Structures are given as structure tokens and as C-alpha cells.
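Visitor: Provided below: entry-v5.txt, containing compact mmCIF, C-alpha atoms and all ligand atoms.
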# COMPACT_ATOMS: atom_id res chain seq x y z
CA MET A 1 0.00 0.00 0.00
CA PHE A 2 1.16 3.50 -0.75
CA ILE A 3 2.59 5.42 2.17
CA GLN A 4 3.12 9.13 1.83
CA ARG A 5 6.57 10.33 2.75
CA LEU A 6 6.95 14.08 2.89
CA ASN A 7 9.22 16.58 4.56
CA LEU A 8 6.76 17.74 7.19
CA LYS A 9 8.91 20.13 9.19
CA PRO A 10 7.26 23.28 7.77
CA LEU A 11 3.93 21.87 8.86
CA LEU A 12 4.84 21.27 12.47
CA LEU A 13 3.92 24.78 13.59
CA VAL A 14 0.54 24.53 11.91
CA VAL A 15 0.00 21.13 13.44
CA SER A 16 0.90 22.34 16.91
CA ILE A 17 -1.68 25.11 16.59
CA PHE A 18 -4.29 22.64 15.43
CA SER A 19 -3.29 20.34 18.25
CA SER A 20 -3.71 22.97 20.91
CA LEU A 21 -7.12 23.84 19.52
CA ALA A 22 -8.09 20.18 19.55
CA ILE A 23 -6.64 19.44 22.98
CA PHE A 24 -9.69 17.63 24.25
CA ASN A 25 -9.63 15.32 21.26
CA ILE A 26 -5.94 14.62 21.72
CA MET A 27 -6.26 13.95 25.43
CA ALA A 28 -8.96 11.45 24.54
CA LEU A 29 -6.53 9.73 22.20
CA LYS A 30 -3.62 9.47 24.61
CA SER A 31 -4.04 5.82 25.54
CA TYR A 32 -4.25 4.50 22.01
CA VAL A 33 -1.39 2.84 20.20
CA THR A 34 -0.77 5.21 17.37
CA ASP A 35 1.38 5.49 14.30
CA ALA A 36 5.06 5.06 15.16
CA ARG A 37 6.05 8.02 13.00
CA ASN A 38 5.94 11.00 15.34
CA VAL A 39 4.39 13.37 12.85
CA HIS A 40 1.41 11.01 12.58
CA SER A 41 1.05 10.42 16.28
CA ASN A 42 -2.70 10.99 16.32
CA ALA A 43 -3.55 8.42 13.66
CA ILE A 44 -4.98 5.36 15.44
CA LYS A 45 -3.58 2.01 14.30
CA LYS A 46 -4.69 -0.08 17.26
CA VAL A 47 -6.02 0.47 20.76
CA SER A 48 -4.24 -0.37 23.99
CA THR A 49 -6.70 -2.46 26.00
CA ALA A 50 -6.67 -5.21 28.59
CA LEU A 51 -10.03 -6.44 27.32
CA PRO A 52 -10.34 -9.26 24.75
CA LEU A 53 -11.67 -6.96 22.01
CA VAL A 54 -10.83 -6.84 18.28
CA ALA A 55 -12.34 -4.53 15.64
CA ILE A 56 -13.01 -5.75 12.11
CA THR A 57 -13.39 -2.98 9.54
CA PHE A 58 -14.53 -2.85 5.89
CA ASP A 59 -13.53 -0.20 3.34
CA ASP A 60 -14.94 1.01 0.02
CA GLY A 61 -18.53 -0.29 0.25
CA PRO A 62 -21.36 -0.73 0.46
CA ASP A 63 -21.52 -3.17 -2.44
CA PRO A 64 -24.75 -4.92 -3.53
CA VAL A 65 -23.02 -8.31 -3.91
CA ILE A 66 -20.51 -8.45 -1.05
CA THR A 67 -22.08 -6.34 1.71
CA PRO A 68 -25.27 -8.44 2.16
CA GLN A 69 -23.11 -11.57 2.52
CA VAL A 70 -20.90 -9.79 5.05
CA LEU A 71 -23.96 -8.66 7.03
CA ALA A 72 -25.35 -12.21 7.08
CA ILE A 73 -22.07 -13.59 8.48
CA LEU A 74 -21.81 -10.86 11.13
CA LYS A 75 -25.42 -11.51 12.20
CA GLU A 76 -24.98 -15.29 12.31
CA LYS A 77 -21.84 -14.98 14.42
CA ASN A 78 -23.12 -12.15 16.62
CA ALA A 79 -20.22 -9.87 15.68
CA LYS A 80 -20.16 -6.10 15.25
CA ALA A 81 -17.97 -4.27 12.73
CA THR A 82 -17.20 -0.86 11.26
CA PHE A 83 -17.84 0.09 7.61
CA PHE A 84 -15.75 2.95 6.16
CA MET A 85 -18.03 3.87 3.29
CA LEU A 86 -17.58 5.86 0.14
CA GLY A 87 -20.23 8.57 -0.09
CA LYS A 88 -20.93 7.72 -3.73
CA HIS A 89 -21.65 4.08 -2.82
CA ALA A 90 -23.80 5.05 0.17
CA GLU A 91 -25.74 7.32 -2.18
CA ALA A 92 -26.22 4.47 -4.67
CA TYR A 93 -27.25 1.84 -2.07
CA PRO A 94 -29.06 3.63 0.77
CA GLU A 95 -30.93 0.44 1.77
CA LEU A 96 -27.61 -1.24 2.56
CA VAL A 97 -26.50 1.76 4.62
CA GLN A 98 -29.76 1.59 6.56
CA GLN A 99 -29.37 -2.18 7.12
CA ILE A 100 -25.81 -1.73 8.42
CA HIS A 101 -26.89 1.05 10.77
CA ALA A 102 -29.98 -0.84 11.98
CA ALA A 103 -27.88 -3.94 12.75
CA GLY A 104 -25.77 -1.92 15.21
CA HIS A 105 -22.60 -1.69 13.16
CA GLU A 106 -20.61 1.53 12.98
CA ILE A 107 -20.31 3.64 9.83
CA GLY A 108 -17.18 5.67 9.11
CA ASN A 109 -16.28 8.17 6.38
CA HIS A 110 -13.92 7.07 3.56
CA THR A 111 -14.56 10.23 1.45
CA TYR A 112 -17.15 10.61 -1.29
CA SER A 113 -15.12 9.39 -4.26
CA HIS A 114 -11.98 7.70 -2.85
CA GLN A 115 -9.83 10.79 -3.18
CA ARG A 116 -6.29 10.74 -1.81
CA LEU A 117 -6.48 13.37 0.92
CA THR A 118 -2.87 14.40 0.22
CA ARG A 119 -3.96 15.66 -3.21
CA LEU A 120 -6.75 17.87 -1.90
CA SER A 121 -6.76 21.44 -0.64
CA GLN A 122 -8.08 22.01 2.88
CA ASP A 123 -11.41 23.11 1.38
CA GLY A 124 -11.40 20.10 -0.93
CA LEU A 125 -10.81 17.75 1.99
CA LYS A 126 -13.66 19.29 3.99
CA ALA A 127 -15.96 19.10 0.97
CA GLU A 128 -15.22 15.37 0.48
CA LEU A 129 -15.92 14.64 4.14
CA GLN A 130 -18.99 16.84 4.47
CA HIS A 131 -20.59 15.60 1.25
CA THR A 132 -20.38 12.05 2.61
CA GLU A 133 -21.57 13.15 6.05
CA THR A 134 -24.69 14.67 4.55
CA ILE A 135 -25.49 11.51 2.60
CA LEU A 136 -24.99 9.28 5.64
CA PHE A 137 -26.96 11.59 7.94
CA ASN A 138 -29.89 11.70 5.53
CA ILE A 139 -30.04 7.89 5.54
CA THR A 140 -29.25 7.04 9.18
CA GLY A 141 -29.86 10.24 11.17
CA ALA A 142 -26.32 9.96 12.56
CA ASN A 143 -23.02 11.60 11.65
CA PRO A 144 -19.87 9.49 11.27
CA ARG A 145 -17.14 10.23 13.82
CA LEU A 146 -14.41 8.07 12.29
CA VAL A 147 -12.50 8.71 9.08
CA ARG A 148 -10.09 6.44 7.18
CA PRO A 149 -7.91 7.87 4.39
CA PRO A 150 -8.17 6.26 0.92
CA ASP A 151 -4.98 4.47 -0.18
CA ASN A 152 -3.38 5.08 3.22
CA ALA A 153 -2.36 8.54 1.93
CA TYR A 154 -2.03 11.06 4.74
CA ASN A 155 0.31 13.34 6.65
CA ALA A 156 0.28 15.19 9.95
CA LYS A 157 -1.56 18.20 8.54
CA ILE A 158 -4.35 16.01 7.18
CA VAL A 159 -4.75 14.17 10.48
CA ALA A 160 -5.07 17.54 12.22
CA GLN A 161 -7.55 18.85 9.66
CA THR A 162 -9.83 15.85 10.05
CA GLN A 163 -9.66 16.18 13.82
CA GLN A 164 -10.74 19.79 13.43
CA CYS A 165 -13.77 18.41 11.59
CA GLY A 166 -14.50 16.26 14.66
CA TYR A 167 -13.11 12.95 13.43
CA HIS A 168 -10.91 10.26 14.90
CA PHE A 169 -8.38 9.29 12.22
CA VAL A 170 -8.41 5.49 12.04
CA LEU A 171 -5.91 3.23 10.25
CA TRP A 172 -5.40 -0.50 10.96
CA SER A 173 -2.86 -2.85 12.51
CA ILE A 174 -3.64 -5.98 10.44
CA ASP A 175 -4.10 -5.91 6.66
CA THR A 176 -5.83 -8.99 5.20
CA ARG A 177 -4.76 -7.91 1.67
CA ASP A 178 -8.17 -9.13 0.53
CA TRP A 179 -8.11 -6.36 -2.08
CA ALA A 180 -5.37 -8.37 -3.87
CA ASN A 181 -7.78 -11.31 -4.10
CA VAL A 182 -5.66 -13.51 -1.84
CA SER A 183 -7.00 -16.90 -0.72
CA PRO A 184 -9.11 -17.39 2.43
CA SER A 185 -6.17 -19.24 4.03
CA ALA A 186 -3.89 -16.26 3.29
CA ILE A 187 -6.44 -13.97 4.95
CA LEU A 188 -6.56 -16.29 7.94
CA ARG A 189 -2.76 -16.32 8.28
CA GLU A 190 -2.89 -12.55 8.82
CA THR A 191 -5.96 -12.43 11.06
CA ASP A 192 -4.55 -15.28 13.20
CA LYS A 193 -1.99 -12.68 14.41
CA ALA A 194 -4.70 -10.49 15.94
CA GLY A 195 -4.63 -9.75 19.65
CA ALA A 196 -6.46 -7.43 22.03
CA GLY A 197 -6.96 -3.98 20.54
CA ASP A 198 -6.09 -4.84 16.96
CA ILE A 199 -7.95 -3.26 14.04
CA ILE A 200 -8.32 -5.56 11.02
CA LEU A 201 -8.71 -4.22 7.48
CA PHE A 202 -11.11 -5.91 5.04
CA HIS A 203 -12.87 -4.49 1.96
CA ASP A 204 -16.53 -4.96 1.07
CA GLY A 205 -16.26 -2.88 -2.10
CA VAL A 206 -14.14 -5.30 -4.11
CA THR A 207 -15.53 -8.05 -6.34
CA PRO A 208 -14.71 -10.82 -6.96
CA SER A 209 -13.18 -11.47 -3.58
CA HIS A 210 -12.50 -14.23 -1.08
CA ILE A 211 -13.56 -11.90 1.69
CA VAL A 212 -16.71 -13.83 2.58
CA GLU A 213 -14.99 -17.13 3.36
CA GLY A 214 -11.97 -15.39 4.87
CA LEU A 215 -14.22 -13.29 7.10
CA ALA A 216 -16.27 -16.25 8.36
CA LYS A 217 -13.14 -18.22 9.25
CA THR A 218 -11.55 -15.17 10.87
CA ILE A 219 -14.53 -14.60 13.15
CA ASP A 220 -14.67 -18.30 14.10
CA LEU A 221 -10.95 -18.27 14.91
CA LEU A 222 -11.01 -15.08 16.99
CA GLN A 223 -14.16 -16.05 18.88
CA ALA A 224 -12.66 -19.48 19.64
CA LYS A 225 -9.70 -17.62 21.19
CA GLY A 226 -12.13 -15.68 23.40
CA TYR A 227 -12.15 -12.36 21.53
CA ARG A 228 -15.27 -10.26 21.08
CA LEU A 229 -15.70 -8.48 17.75
CA VAL A 230 -16.74 -4.88 18.35
CA THR A 231 -16.95 -1.57 16.50
CA VAL A 232 -13.95 0.76 16.48
CA SER A 233 -15.74 3.18 18.83
CA GLU A 234 -16.47 0.33 21.26
CA LEU A 235 -12.83 -0.69 21.05
CA MET A 236 -11.78 2.88 21.85
CA GLN A 237 -14.16 2.97 24.82
CA GLY A 238 -12.41 -0.17 26.12
CA SER A 239 -8.95 1.43 26.01
CA ASN A 240 -6.72 1.48 29.10
ZN ZN A 301 -10.40 2.54 0.14
Using C-alpha cells, write down the structure that the file contains.
Guide:
Amino acid sequence: MFIQRLNLKPLLLVVSIFSSLAIFNIMALKSYVTDARNVHSNAIKKVSTALPLVAITFDDGPDPVITPQVLAILKEKNAKATFFMLGKHAEAYPELVQQIHAAGHEIGNHTYSHQRLTRLSQDGLKAELQHTETILFNITGANPRLVRPPDNAYNAKIVAQTQQCGYHFVLWSIDTRDWANVSPSAILRETDKAGAGDIILFHDGVTPSHIVEGLAKTIDLLQAKGYRLVTVSELMQGSN
């Protein structure tokens, strides 16, 4: 996956101002395990918790083929998850958004049209987030409070800007690589590494995919180890 590498020193002053303005948000984030790169220290990769909790997340949906199968598995196995949706897909499939919300899963913002945030102006970034917020609010009556950057493209300034918009900036600690159409056993090899506080990345916007079988086996494995599958916000509430 693409990782942005920029000289961020000129941005540090801006970020420190943003940070001081968002001090409550940052205090709330202090106990999370965050990105090891200092300039990205407020991007959440996993959560430090003593509780047996793991968060499964899905990007790029909802999708009319994959998402209903994912919802059926989550319901059957009594697991909760978080869906980082594209606004344009939420707009196209509002019934799926409503089903996800009604089932008690969490919905996060993945921008309207999968734009790399590093390529947008500050106004452009806000427009992408707010457009998606409006769509999701009109369907569910709730605003998303989590954002995940498309293509893992971000920097310290972007993290700060999204926090100014009221978001927690959420990455992941385990990548199933399901987007590369890997086998269910390859997915399971990655998810078998999960421990308390980990955030697992799946995609429900990619077809064809082995996500359905890989997801079912992942949930069976983690539940057999005593883990409870919760939303990212529930995971954050369980932090030390
Ligand atoms: Zn994506």
C-alpha cells in the first residue's frame, strides 16, 4: 500500500496550533497505540486495551453483492464491525446503509469518491468529508465520527484537519490484503496474528473477492480464542 513520505517540518507549527485547539480530542486519544512516525502520532492504528476486544473494519462499500453476505455472516456470528463507506456508494445503495446502521454496526467516512487526501486542498478535503456526512446523515440520522484515508495517503496536517472536523483518524494494525484477491487461508494467516486492541482491514467494495470465506473463518478463529468483535468506537471505549 502506498505510504506518503513528505518533509513535514514546515507543517509542524501549523499542526501544533491545530493540536492545541483540539486538545480535548488529543487527550482522549492518549491511551491509544498510534502510528510510530511521530508526525502522525494521532492516527490510530490499534487500541491499547486489557479487554479481549478486536475490531473488524470494511472499506470502500457498500456493495450490492458483497455487503449483504458480510452482514449475514456478522449476524450469524453475533459480531459487530465498522464500515468505512464511500459517499458515492452510500448514495447508490441507501438500503444497505440503513441495514448496516440498523444492525448496530458503525459507519465511518472514507470520502465521497476515494480521493487521496494528500492531493486535496483544505477546502477540498472538507468538501469530500462533508458531502459524505450529509449523505450518511440523511439515511441514518447519525453523523460518522471516524475517518479512514483512501490508499493510506495522509500526513500530519491532514490528520489535524480531520480532527478539526470532529473525526478520529483510524488506520489498521492488520491488513488482510483481501483487495489483492488472496486466498481465504492467506487472509486467515494474517488475522490469526490479531490480539487485544487490533484493528483488522477488510474491503466490502471489491468483487470478486474471497472476503466472505476469509471473514467467516476469521470470526470463528477469533471467537474461539475468546475475543469479542466490536466496533472501532467500542474498542476505543475499552482502552486502558
Ligand atoms: Zn479505500
Visitor: Mind pulling up the distance from CA of Met85 (chain A) to CA of Tyr227 (chain A)?
Guide: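 So the two atoms, CA of Tyr227 (chain A) and CA of Met85 (chain A), lie 25.1 Å apart.
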Visitor: Which protein, DNA or RNA residues have an atom within 8 Å of ligand ZN 301 (chain A), counting only C-alpha atoms and all ligand atoms, as a PyMOL selection string?
Guide: chain A and resi 59-60+86+110+114+149-151+203
Visitor: Let me make sure I understand: among A:Gly197, A:Ile66, A:Phe83, A:Val182, which one has the smallest atom-to-atom distance to Glu234 (chain A) if we use all atoms listed in the file?
Guide: A:Gly197
Visitor: Skip region 138-148 of chain A itself and residues of its chain fewer than 5 positions away, then list as JSON, numbers by chain all residues within 7 Å of it, counting all atoms listed in the file.
Guide: {"A": [84, 94, 98, 101, 107, 108, 109, 110, 133, 166, 167, 168, 169, 170, 171]}
Visitor: For each of A:Glu213, A:Ile158, A:Thr134, A:Ala50, take the minimum atom-to-atom distance to Asn181 (chain A), counting only C-alpha atoms, then give the residue where this is smallest.
Guide: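 Checking each candidate against Asn181 (chain A), we get A:Glu213 as the closest.
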Visitor: Between CA of Lys46 (chain A) and CA of Leu235 (chain A), what is the spacing in Å?
Guide: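 The value is 9.0 Å.
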Visitor: Rank A:Leu53, A:Leu74, A:Gly61, A:Leu129 by their smallest atom-to-atom distance to Ala216 (chain A), using all atoms listed in the file, and report the top residue only.
Guide: A:Leu74
Visitor: So which one's closest to Pro62 (chain A), A:Ile187, A:Leu120, A:Val97, A:Ala160? Using all atoms listed in the file, please.
Guide: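 Selected residue with least distance to Pro62 (chain A): A:Val97.
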Visitor: What does the distance between CA of Asp123 (chain A) and CA of Asn42 (chain A) come to in Å, to one decimal place?
Guide: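 If I compute the distance from CA of Asp123 (chain A) to CA of Asn42 (chain A), I get 21.1 Å.
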Visitor: Which residue gives the smallest distance to Thr67 (chain A) among A:Ser121, A:Thr231, A:Thr49, A:Gln99, with all atoms listed in the file counted?
Guide: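 Of A:Ser121, A:Thr231, A:Thr49, A:Gln99, the one nearest Thr67 (chain A) is A:Gln99, counting all atoms listed in the file.
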Visitor: Have a look at A:Ala103, A:Ala79, A:Val54, A:Ala90 and name the one nearest to Gly205 (chain A); count all atoms listed in the file.
Guide: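 Checking each of A:Ala103, A:Ala79, A:Val54, A:Ala90 against Gly205 (chain A), counting all atoms listed in the file, the winner is A:Ala90.
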Visitor: Excluding Thr218 (chain A) and its own-chain neighbours fewer than 2 positions away, which residues fall within 12 Å of it when counting all atoms listed in the file? Please give them as a PyMOL selection string.
Guide: chain A and resi 54-56+73-74+77+79+176+184-194+200-202+211-216+220-225+227-229
Visitor: Mind checking which residues fall within 7 Å of Tyr112 (chain A), counting all atoms listed in the file, ignoring those fewer than 3 positions away in the same chain, and posting them as a list in words?
Guide: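 Everything that qualifies: Leu86, Gly87, Lys88, Glu128, Leu129, His131 and Thr132 of chain A.
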Visitor: Could you rebuild region 124-141 of chain A with N, CA and C atoms and give it back as a PDB file, in the frame of the given file?
Guide:
ATOM      1  N   GLY A 124     -11.039  21.321  -0.200  1.00  0.00           N
ATOM      2  CA  GLY A 124     -11.400  20.100  -0.930  1.00  0.00           C
ATOM      3  C   GLY A 124     -11.581  18.924   0.006  1.00  0.00           C
ATOM      4  N   LEU A 125     -10.708  18.824   0.996  1.00  0.00           N
ATOM      5  CA  LEU A 125     -10.810  17.750   1.990  1.00  0.00           C
ATOM      6  C   LEU A 125     -12.118  17.871   2.769  1.00  0.00           C
ATOM      7  N   LYS A 126     -12.414  19.089   3.229  1.00  0.00           N
ATOM      8  CA  LYS A 126     -13.660  19.290   3.990  1.00  0.00           C
ATOM      9  C   LYS A 126     -14.871  18.969   3.135  1.00  0.00           C
ATOM     10  N   ALA A 127     -14.819  19.350   1.859  1.00  0.00           N
ATOM     11  CA  ALA A 127     -15.960  19.100   0.970  1.00  0.00           C
ATOM     12  C   ALA A 127     -16.193  17.604   0.790  1.00  0.00           C
ATOM     13  N   GLU A 128     -15.102  16.829   0.619  1.00  0.00           N
ATOM     14  CA  GLU A 128     -15.220  15.370   0.480  1.00  0.00           C
ATOM     15  C   GLU A 128     -15.854  14.751   1.726  1.00  0.00           C
ATOM     16  N   LEU A 129     -15.396  15.205   2.893  1.00  0.00           N
ATOM     17  CA  LEU A 129     -15.920  14.640   4.140  1.00  0.00           C
ATOM     18  C   LEU A 129     -17.368  15.057   4.372  1.00  0.00           C
ATOM     19  N   GLN A 130     -17.647  16.343   4.153  1.00  0.00           N
ATOM     20  CA  GLN A 130     -18.990  16.840   4.470  1.00  0.00           C
ATOM     21  C   GLN A 130     -20.034  16.329   3.491  1.00  0.00           C
ATOM     22  N   HIS A 131     -19.656  16.158   2.229  1.00  0.00           N
ATOM     23  CA  HIS A 131     -20.590  15.600   1.250  1.00  0.00           C
ATOM     24  C   HIS A 131     -21.042  14.206   1.706  1.00  0.00           C
ATOM     25  N   THR A 132     -20.073  13.401   2.136  1.00  0.00           N
ATOM     26  CA  THR A 132     -20.380  12.050   2.610  1.00  0.00           C
ATOM     27  C   THR A 132     -21.180  12.081   3.903  1.00  0.00           C
ATOM     28  N   GLU A 133     -20.815  13.000   4.797  1.00  0.00           N
ATOM     29  CA  GLU A 133     -21.570  13.150   6.050  1.00  0.00           C
ATOM     30  C   GLU A 133     -23.039  13.414   5.781  1.00  0.00           C
ATOM     31  N   THR A 134     -23.306  14.305   4.855  1.00  0.00           N
ATOM     32  CA  THR A 134     -24.690  14.670   4.550  1.00  0.00           C
ATOM     33  C   THR A 134     -25.468  13.464   4.036  1.00  0.00           C
ATOM     34  N   ILE A 135     -24.838  12.713   3.144  1.00  0.00           N
ATOM     35  CA  ILE A 135     -25.490  11.510   2.600  1.00  0.00           C
ATOM     36  C   ILE A 135     -25.791  10.517   3.719  1.00  0.00           C
ATOM     37  N   LEU A 136     -24.806  10.262   4.564  1.00  0.00           N
ATOM     38  CA  LEU A 136     -24.990   9.280   5.640  1.00  0.00           C
ATOM     39  C   LEU A 136     -26.029   9.762   6.648  1.00  0.00           C
ATOM     40  N   PHE A 137     -25.999  11.054   6.973  1.00  0.00           N
ATOM     41  CA  PHE A 137     -26.960  11.590   7.940  1.00  0.00           C
ATOM     42  C   PHE A 137     -28.384  11.491   7.399  1.00  0.00           C
ATOM     43  N   ASN A 138     -28.553  11.766   6.121  1.00  0.00           N
ATOM     44  CA  ASN A 138     -29.890  11.700   5.530  1.00  0.00           C
ATOM     45  C   ASN A 138     -30.457  10.288   5.525  1.00  0.00           C
ATOM     46  N   ILE A 139     -29.581   9.291   5.544  1.00  0.00           N
ATOM     47  CA  ILE A 139     -30.040   7.890   5.540  1.00  0.00           C
ATOM     48  C   ILE A 139     -30.224   7.372   6.967  1.00  0.00           C
ATOM     49  N   THR A 140     -29.266   7.681   7.852  1.00  0.00           N
ATOM     50  CA  THR A 140     -29.250   7.040   9.180  1.00  0.00           C
ATOM     51  C   THR A 140     -29.654   7.982  10.319  1.00  0.00           C
ATOM     52  N   GLY A 141     -29.593   9.293  10.092  1.00  0.00           N
ATOM     53  CA  GLY A 141     -29.860  10.240  11.170  1.00  0.00           C
ATOM     54  C   GLY A 141     -28.667  10.418  12.105  1.00  0.00           C
TER      55      GLY A 141
END
